[in-house]
$ cat upload21.txt   # compact mmCIF, C-alpha atoms
# COMPACT_ATOMS: atom_id res chain seq x y z
CA MET K 1 110.82 -66.47 19.94
CA PRO K 2 113.12 -68.90 18.06
CA GLU K 3 116.06 -67.59 20.10
CA VAL K 4 114.10 -68.09 23.34
CA VAL K 5 113.24 -71.66 22.34
CA LYS K 6 116.89 -72.39 21.51
CA PHE K 7 118.02 -70.95 24.84
CA VAL K 8 115.47 -72.95 26.86
CA ARG K 9 116.40 -76.18 25.10
CA GLN K 10 120.09 -75.67 25.82
CA LEU K 11 119.41 -74.69 29.43
CA ALA K 12 117.17 -77.72 29.93
CA HIS K 13 119.84 -79.98 28.42
CA ASP K 14 122.50 -78.60 30.75
CA LEU K 15 120.25 -78.89 33.80
CA ARG K 16 119.32 -82.47 32.93
CA ASN K 17 123.01 -83.35 32.89
CA HIS K 18 123.33 -82.06 36.46
CA LEU K 19 120.13 -83.87 37.47
CA ASN K 20 121.45 -87.13 36.04
CA ALA K 21 124.63 -86.72 38.08
CA ALA K 22 122.56 -86.02 41.22
CA GLU K 23 120.45 -89.11 40.51
CA LEU K 24 123.54 -91.29 40.21
CA GLN K 25 124.95 -89.89 43.44
CA SER K 26 121.68 -90.44 45.32
CA ALA K 27 121.52 -94.01 44.00
CA TYR K 28 125.01 -94.60 45.40
CA LEU K 29 123.98 -93.11 48.75
CA THR K 30 121.05 -95.52 48.87
CA GLU K 31 123.44 -98.46 48.47
CA ILE K 32 125.76 -97.39 51.27
CA ALA K 33 123.11 -96.11 53.68
CA GLU K 34 122.70 -98.44 56.65
CA ASN K 35 119.69 -96.74 58.23
CA ASN K 36 116.24 -97.53 56.82
CA GLU K 37 114.95 -94.07 57.64
CA LEU K 38 117.87 -92.55 55.76
CA ARG K 39 117.12 -94.77 52.75
CA GLU K 40 113.53 -93.52 52.71
CA GLU K 41 114.70 -89.91 52.78
CA ILE K 42 117.06 -90.58 49.87
CA LYS K 43 114.19 -92.23 48.01
CA ARG K 44 112.09 -89.09 48.44
CA LEU K 45 115.05 -86.99 47.28
CA ARG K 46 115.35 -89.11 44.12
CA GLY K 47 111.64 -88.60 43.49
CA MET K 48 112.04 -84.82 43.70
CA ILE K 49 115.01 -84.94 41.32
CA ALA K 50 113.01 -87.04 38.86
CA GLN K 51 110.10 -84.59 39.00
CA VAL K 52 112.37 -81.70 38.08
CA GLY K 53 113.48 -83.69 35.05
CA VAL K 54 109.87 -84.32 34.05
CA ASN K 55 109.08 -80.61 34.39
CA LEU K 56 111.99 -79.72 32.12
CA GLN K 57 110.83 -82.24 29.50
CA GLU K 58 107.31 -80.80 29.59
CA LEU K 59 108.68 -77.27 29.20
CA THR K 60 110.80 -78.10 26.16
CA ALA K 61 107.90 -80.08 24.63
CA ALA K 62 105.59 -77.08 25.07
CA LEU K 63 108.03 -74.91 23.10
CA ALA K 64 108.70 -77.41 20.33
CA GLN K 65 106.99 -77.26 16.95
CA PRO K 66 104.31 -79.97 16.75
CA ARG K 67 105.23 -82.98 14.64
CA LEU K 68 102.10 -84.84 13.66
CA THR K 69 101.46 -88.53 13.10
CA GLU K 70 98.01 -88.28 11.58
CA MET K 71 95.42 -90.99 11.17
CA PRO K 72 91.72 -91.20 10.25
CA TYR K 73 89.66 -90.69 13.40
CA ALA K 74 85.88 -90.67 13.68
CA ALA K 75 84.75 -87.33 15.10
CA LYS K 76 82.34 -89.00 17.53
CA ASP K 77 85.17 -91.23 18.81
CA PHE K 78 87.37 -88.20 19.24
CA ILE K 79 84.74 -86.47 21.37
CA GLU K 80 84.21 -89.60 23.47
CA ASP K 81 87.96 -89.94 24.01
CA LEU K 82 88.16 -86.26 24.92
CA GLN K 83 85.43 -86.72 27.52
CA ASP K 84 87.22 -89.77 28.94
CA LYS K 85 90.56 -87.97 29.17
CA LEU K 86 88.94 -84.97 30.78
CA ALA K 87 87.28 -87.23 33.36
CA THR K 88 90.64 -88.87 34.10
CA ASP K 89 92.62 -85.63 34.39
CA TYR K 90 89.92 -83.59 36.17
CA PRO K 91 87.56 -86.01 37.92
CA GLU K 92 85.98 -83.34 40.13
CA GLU K 93 85.45 -80.69 37.46
CA SER K 94 84.58 -82.73 34.37
CA PRO K 95 81.07 -83.79 35.52
CA LYS K 96 80.12 -80.10 35.67
CA VAL K 97 80.78 -79.54 31.95
CA LYS K 98 77.68 -79.44 29.77
CA TRP K 99 78.16 -81.20 26.44
CA ASN K 100 76.23 -80.50 23.25
CA ALA K 101 77.99 -82.96 20.96
CA ALA K 102 76.54 -83.88 17.58
CA PRO K 103 79.60 -84.61 15.41
CA GLY K 104 77.69 -86.94 13.08
CA ASP K 105 79.54 -89.57 11.06
CA ALA K 106 82.39 -87.30 9.97
CA THR K 107 86.00 -88.47 9.98
CA LEU K 108 88.97 -86.32 10.92
CA ASN K 109 92.61 -86.80 9.97
CA ILE K 110 94.46 -86.00 13.19
CA ASP K 111 97.20 -86.90 15.64
CA PRO K 112 95.12 -87.78 18.73
CA GLN K 113 98.21 -88.02 20.94
CA LEU K 114 98.72 -84.29 20.43
CA LEU K 115 95.22 -82.98 19.81
CA LEU K 116 93.49 -84.56 22.81
CA PRO K 117 95.84 -82.97 25.41
CA ALA K 118 95.66 -79.70 23.47
CA LEU K 119 91.88 -79.53 23.90
CA VAL K 120 92.10 -80.64 27.53
CA GLU K 121 94.34 -77.61 28.07
CA LEU K 122 91.41 -75.37 27.09
CA PHE K 123 89.31 -76.96 29.82
CA ALA K 124 92.19 -76.67 32.30
CA ASN K 125 92.36 -72.93 31.64
CA ALA K 126 88.60 -72.65 32.04
CA PHE K 127 88.75 -74.45 35.39
CA ARG K 128 91.75 -72.43 36.61
CA HIS K 129 91.54 -68.82 35.42
CA GLU K 130 89.05 -66.14 36.44
CA ARG K 131 86.19 -68.59 36.60
CA ALA K 132 82.79 -67.10 37.29
CA ASP K 133 79.56 -68.77 38.39
CA GLY K 134 77.88 -70.60 35.57
CA VAL K 135 78.22 -73.67 33.41
CA ILE K 136 81.11 -74.45 31.08
CA THR K 137 79.63 -75.65 27.80
CA ALA K 138 81.37 -77.73 25.12
CA THR K 139 79.81 -78.01 21.67
CA ALA K 140 80.86 -80.18 18.74
CA ARG K 141 79.27 -80.28 15.31
CA THR K 142 79.99 -80.85 11.65
CA GLU K 143 78.93 -78.28 9.11
CA ASN K 144 80.08 -76.88 5.76
CA GLY K 145 82.69 -79.57 5.38
CA ARG K 146 84.41 -78.77 8.68
CA PHE K 147 84.37 -80.01 12.23
CA THR K 148 83.79 -77.27 14.81
CA PHE K 149 84.51 -77.47 18.53
CA THR K 150 83.41 -74.60 20.80
CA LEU K 151 84.11 -74.06 24.47
CA SER K 152 82.08 -71.41 26.29
CA GLU K 153 83.17 -70.48 29.82
CA PRO K 154 81.61 -67.92 32.16
CA LYS K 155 83.76 -64.77 32.50
CA ARG K 156 81.92 -61.90 34.15
CA ASP K 157 84.72 -59.31 34.39
CA PHE K 158 86.87 -60.31 31.45
CA GLN K 159 89.26 -57.44 30.65
CA HIS K 160 91.70 -59.09 28.24
CA SER K 161 92.03 -58.64 24.51
CA THR K 162 91.47 -61.80 22.47
CA GLU K 163 93.01 -60.40 19.29
CA ARG K 164 96.24 -62.36 19.82
CA TRP K 165 94.79 -65.11 22.00
CA GLY K 166 97.31 -67.94 22.23
CA ARG K 167 99.98 -66.01 20.34
CA GLU K 168 101.76 -64.44 23.31
CA PRO K 169 103.55 -67.13 25.34
CA LEU K 170 105.38 -66.46 28.59
CA ARG K 171 103.12 -63.55 29.57
CA ALA K 172 100.94 -65.15 32.25
CA LEU K 173 103.43 -66.65 34.70
CA GLY K 174 102.70 -68.47 37.93
CA GLN K 175 104.16 -71.25 40.03
CA GLY K 176 104.39 -74.30 37.77
CA HIS K 177 102.72 -72.43 34.88
CA TYR K 178 104.57 -70.45 32.24
CA GLY K 179 101.90 -69.18 29.86
CA LEU K 180 102.66 -71.86 27.27
CA GLY K 181 99.56 -74.05 27.35
CA LEU K 182 97.32 -71.91 25.16
CA HIS K 183 100.23 -71.15 22.82
CA ARG K 184 100.88 -74.88 22.44
CA THR K 185 97.20 -75.61 21.82
CA ARG K 186 97.01 -73.02 19.05
CA ALA K 187 100.19 -74.40 17.44
CA ILE K 188 98.79 -77.95 17.45
CA VAL K 189 95.43 -76.83 16.05
CA GLU K 190 97.08 -74.88 13.24
CA ALA K 191 99.47 -77.75 12.47
CA HIS K 192 96.33 -79.80 11.73
CA GLY K 193 95.20 -77.19 9.22
CA GLY K 194 92.70 -75.93 11.78
CA GLU K 195 91.68 -72.47 12.86
CA PHE K 196 91.72 -71.10 16.41
CA SER K 197 89.76 -68.06 17.57
CA ALA K 198 88.36 -66.58 20.77
CA HIS K 199 86.07 -63.72 21.72
CA HIS K 200 84.27 -62.45 24.77
CA ASP K 201 80.50 -62.48 24.41
CA LYS K 202 79.28 -59.58 26.53
CA ASP K 203 75.63 -60.61 26.24
CA THR K 204 76.30 -63.96 27.94
CA SER K 205 79.44 -62.86 29.86
CA SER K 206 81.29 -65.80 28.35
CA LEU K 207 84.68 -66.40 26.80
CA VAL K 208 84.01 -68.41 23.66
CA THR K 209 86.85 -70.37 22.08
CA THR K 210 86.22 -71.92 18.68
CA LEU K 211 88.34 -74.49 16.86
CA THR K 212 87.58 -75.70 13.36
CA PHE K 213 89.21 -78.56 11.48
CA PRO K 214 88.96 -79.85 7.93
CA LEU K 215 87.37 -83.25 7.54
CA GLU K 216 89.18 -86.16 5.96
CA ALA K 217 89.26 -85.73 2.19
CA SER K 218 86.58 -88.35 1.53
CA ASP K 219 84.20 -86.59 3.96
CA ALA K 220 84.83 -83.01 2.81
$ encode --input "upload21.txt" --output "structure tokens"
Amino acid sequence: MPEVVKFVRQLAHDLRNHLNAAELQSAYLTEIAENNELREEIKRLRGMIAQVGVNLQELTAALAQPRLTEMPYAAKDFIEDLQDKLATDYPEESPKVKWNAAPGDATLNIDPQLLLPALVELFANAFRHERADGVITATARTENGRFTFTLSEPKRDFQHSTERWGREPLRALGQGHYGLGLHRTRAIVEAHGGEFSAHHDKDTSSLVTTLTFPLEASDA
């Protein structure tokens, strides 16, 4: 995997150089174009070039080792911010999630800029992959000196092994998706000293993902 990461970084760097050259050329074409319709087409072209650059940045970020900037963060505030971000990113799906959140007065020591998107990725997977009828349930609680977050999603015909869940990037490929989201989420959770696990509950036909984090030292 380290060799793959090194290759992707170098490839992305080289491609960005070509994209920057294309952007400069399209900017020049905009200046010399005399037709308004042509200018609009060039503007759209520049937008497409810029989007490719964004996609490359997201790809390299997904492969990078997380570097945390931690801060004390109230668990209840974290859950509220997670709900707000989920509502912003998935306005149609988020109201359907059932929340059982009772984090208490515990305080976490986390990097919210990394951990919030990492947890949203779990919801994104639940919305996108093999979704069955039923309610997605999110639970948050504090017990035994740790903060636990659980996501339960209906999966009727789940045939995958969860033994290495989130440890096998680049396996599930699709247009615009490269099997890195879950891998990145696990890496961010573990960088926080957390634990990441998943299992399929046959009794409820649900995929249950559980994350646990240590509390801030004063709360442990």
$ residues_around --input "upload21.txt" --residues "Ala198 (chain K)" --least-positions-apart "6" --cutoff "7 Å" --atoms "all atoms listed in the file" --output "list in words"
Thr162, Trp165, Val208, Thr209 and Thr210 of chain K
$ write_last_selection --input "upload21.txt" --atoms "C-alpha atoms" --output "compact mmCIF listing (two decimals), in the coordinates of the input"
# COMPACT_ATOMS: atom_id res chain seq x y z
CA THR K 162 91.47 -61.80 22.47
CA TRP K 165 94.79 -65.11 22.00
CA VAL K 208 84.01 -68.41 23.66
CA THR K 209 86.85 -70.37 22.08
CA THR K 210 86.22 -71.92 18.68
$ atom_distance --input "upload21.txt" --atom1 "CA of Phe213 (chain K)" --atom2 "CA of Leu108 (chain K)"
7.8 Å
$ closest_residue --input "upload21.txt" --among "K:Thr142, K:Asn100, K:Ser206, K:Asn55" --to "Gln83 (chain K)" --atoms "only C-alpha atoms"
K:Asn100
$ closest_residue --input "upload21.txt" --among "K:Ile79, K:Val5, K:Leu182, K:Leu122" --to "Ala61 (chain K)" --atoms "only C-alpha atoms"
K:Val5
$ atom_distance --input "upload21.txt" --atom1 "CA of Phe158 (chain K)" --atom2 "CA of Glu121 (chain K)"
19.1 Å
$ closest_residue --input "upload21.txt" --among "K:Ile136, K:Ala50, K:Leu68, K:Leu180" --to "Glu93 (chain K)" --atoms "only C-alpha atoms"
K:Ile136
$ closest_residue --input "upload21.txt" --among "K:Phe123, K:Tyr28, K:Phe7, K:Phe147" --to "Ser94 (chain K)" --atoms "all atoms listed in the file"
K:Phe123
$ residues_near_point --input "upload21.txt" --point "(84.7, -83.2, 9.8)" --cutoff "10 Å" --atoms "all atoms listed in the file" --output "JSON, numbers by chain"
{"K": [73, 74, 75, 76, 103, 104, 105, 106, 107, 108, 109, 141, 142, 143, 144, 145, 146, 147, 148, 212, 213, 214, 215, 216, 217, 218, 219, 220]}
$ closest_residue --input "upload21.txt" --among "K:Leu24, K:Leu82, K:Leu15, K:Ala64" --to "Val52 (chain K)" --atoms "all atoms listed in the file"
K:Leu15
$ closest_residue --input "upload21.txt" --among "K:Asn36, K:Gln65, K:Glu153, K:Ala21" --to "Lys6 (chain K)" --atoms "only C-alpha atoms"
K:Gln65
$ residues_near_point --input "upload21.txt" --point "(118.1, -79.7, 29.4)" --cutoff "9 Å" --atoms "only C-alpha atoms" --output "list in words"
Val8, Arg9, Gln10, Leu11, Ala12, His13, Asp14, Leu15, Arg16, Asn17, Gly53, Leu56, Gln57 and Thr60 of chain K
$ atom_distance --input "upload21.txt" --atom1 "CA of Ser205 (chain K)" --atom2 "CA of Arg184 (chain K)"
25.7 Å
$ residues_around --input "upload21.txt" --residues "Leu116 (chain K)" --least-positions-apart "4" --cutoff "8 Å" --atoms "only C-alpha atoms" --output "ChimeraX atom specification"
/K:78,81-82,85,112,120
$ axis_aligned_box --input "upload21.txt" --around "region 95-112 of chain K" --padding-each-side "6 Å" --output "AutoDock Vina command-line options"
--center_x 86.7 --center_y -84.5 --center_z 22.8 --size_x 33.0 --size_y 22.1 --size_z 37.7
$ build_atoms --input "upload21.txt" --residues "region 88-105 of chain K" --atoms "N, CA, C and O atoms" --output "tab-separated table (two decimals), in the coordinates of the input"
chain	number	residue	atom	x	y	z
K	88	THR	N	89.46	-88.31	33.44
K	88	THR	CA	90.64	-88.87	34.10
K	88	THR	C	91.51	-87.77	34.70
K	88	THR	O	91.97	-87.88	35.84
K	89	ASP	N	91.72	-86.70	33.94
K	89	ASP	CA	92.62	-85.63	34.39
K	89	ASP	C	91.96	-84.71	35.41
K	89	ASP	O	92.65	-84.17	36.29
K	90	TYR	N	90.63	-84.52	35.28
K	90	TYR	CA	89.92	-83.59	36.17
K	90	TYR	C	88.62	-84.25	36.65
K	90	TYR	O	87.53	-83.84	36.25
K	91	PRO	N	88.75	-85.25	37.50
K	91	PRO	CA	87.56	-86.01	37.92
K	91	PRO	C	86.52	-85.20	38.68
K	91	PRO	O	85.33	-85.54	38.63
K	92	GLU	N	86.94	-84.15	39.37
K	92	GLU	CA	85.98	-83.34	40.13
K	92	GLU	C	85.29	-82.30	39.26
K	92	GLU	O	84.11	-81.99	39.47
K	93	GLU	N	86.00	-81.76	38.28
K	93	GLU	CA	85.45	-80.69	37.46
K	93	GLU	C	84.69	-81.20	36.23
K	93	GLU	O	83.71	-80.57	35.81
K	94	SER	N	85.15	-82.29	35.64
K	94	SER	CA	84.58	-82.73	34.37
K	94	SER	C	83.08	-83.02	34.41
K	94	SER	O	82.37	-82.73	33.42
K	95	PRO	N	82.52	-83.55	35.52
K	95	PRO	CA	81.07	-83.79	35.52
K	95	PRO	C	80.24	-82.51	35.43
K	95	PRO	O	79.04	-82.58	35.10
K	96	LYS	N	80.85	-81.36	35.69
K	96	LYS	CA	80.12	-80.10	35.67
K	96	LYS	C	80.05	-79.48	34.27
K	96	LYS	O	79.36	-78.49	34.06
K	97	VAL	N	80.78	-80.06	33.32
K	97	VAL	CA	80.78	-79.54	31.95
K	97	VAL	C	79.52	-80.02	31.23
K	97	VAL	O	79.18	-81.19	31.25
K	98	LYS	N	78.85	-79.10	30.56
K	98	LYS	CA	77.68	-79.44	29.77
K	98	LYS	C	78.11	-79.68	28.32
K	98	LYS	O	78.74	-78.83	27.71
K	99	TRP	N	77.76	-80.83	27.79
K	99	TRP	CA	78.16	-81.20	26.44
K	99	TRP	C	76.98	-81.14	25.48
K	99	TRP	O	75.91	-81.66	25.77
K	100	ASN	N	77.19	-80.49	24.36
K	100	ASN	CA	76.23	-80.50	23.25
K	100	ASN	C	76.98	-81.04	22.03
K	100	ASN	O	77.44	-80.27	21.18
K	101	ALA	N	77.16	-82.34	21.99
K	101	ALA	CA	77.99	-82.96	20.96
K	101	ALA	C	77.13	-83.68	19.94
K	101	ALA	O	76.39	-84.60	20.27
K	102	ALA	N	77.23	-83.23	18.69
K	102	ALA	CA	76.54	-83.88	17.58
K	102	ALA	C	77.48	-83.90	16.38
K	102	ALA	O	77.22	-83.24	15.36
K	103	PRO	N	78.60	-84.63	16.48
K	103	PRO	CA	79.60	-84.61	15.41
K	103	PRO	C	79.20	-85.38	14.16
K	103	PRO	O	79.86	-85.29	13.13
K	104	GLY	N	78.13	-86.17	14.24
K	104	GLY	CA	77.69	-86.94	13.08
K	104	GLY	C	78.65	-88.06	12.76
K	104	GLY	O	79.36	-88.58	13.63
K	105	ASP	N	78.70	-88.45	11.49
K	105	ASP	CA	79.54	-89.57	11.06
K	105	ASP	C	80.83	-89.10	10.39
K	105	ASP	O	81.47	-89.86	9.67
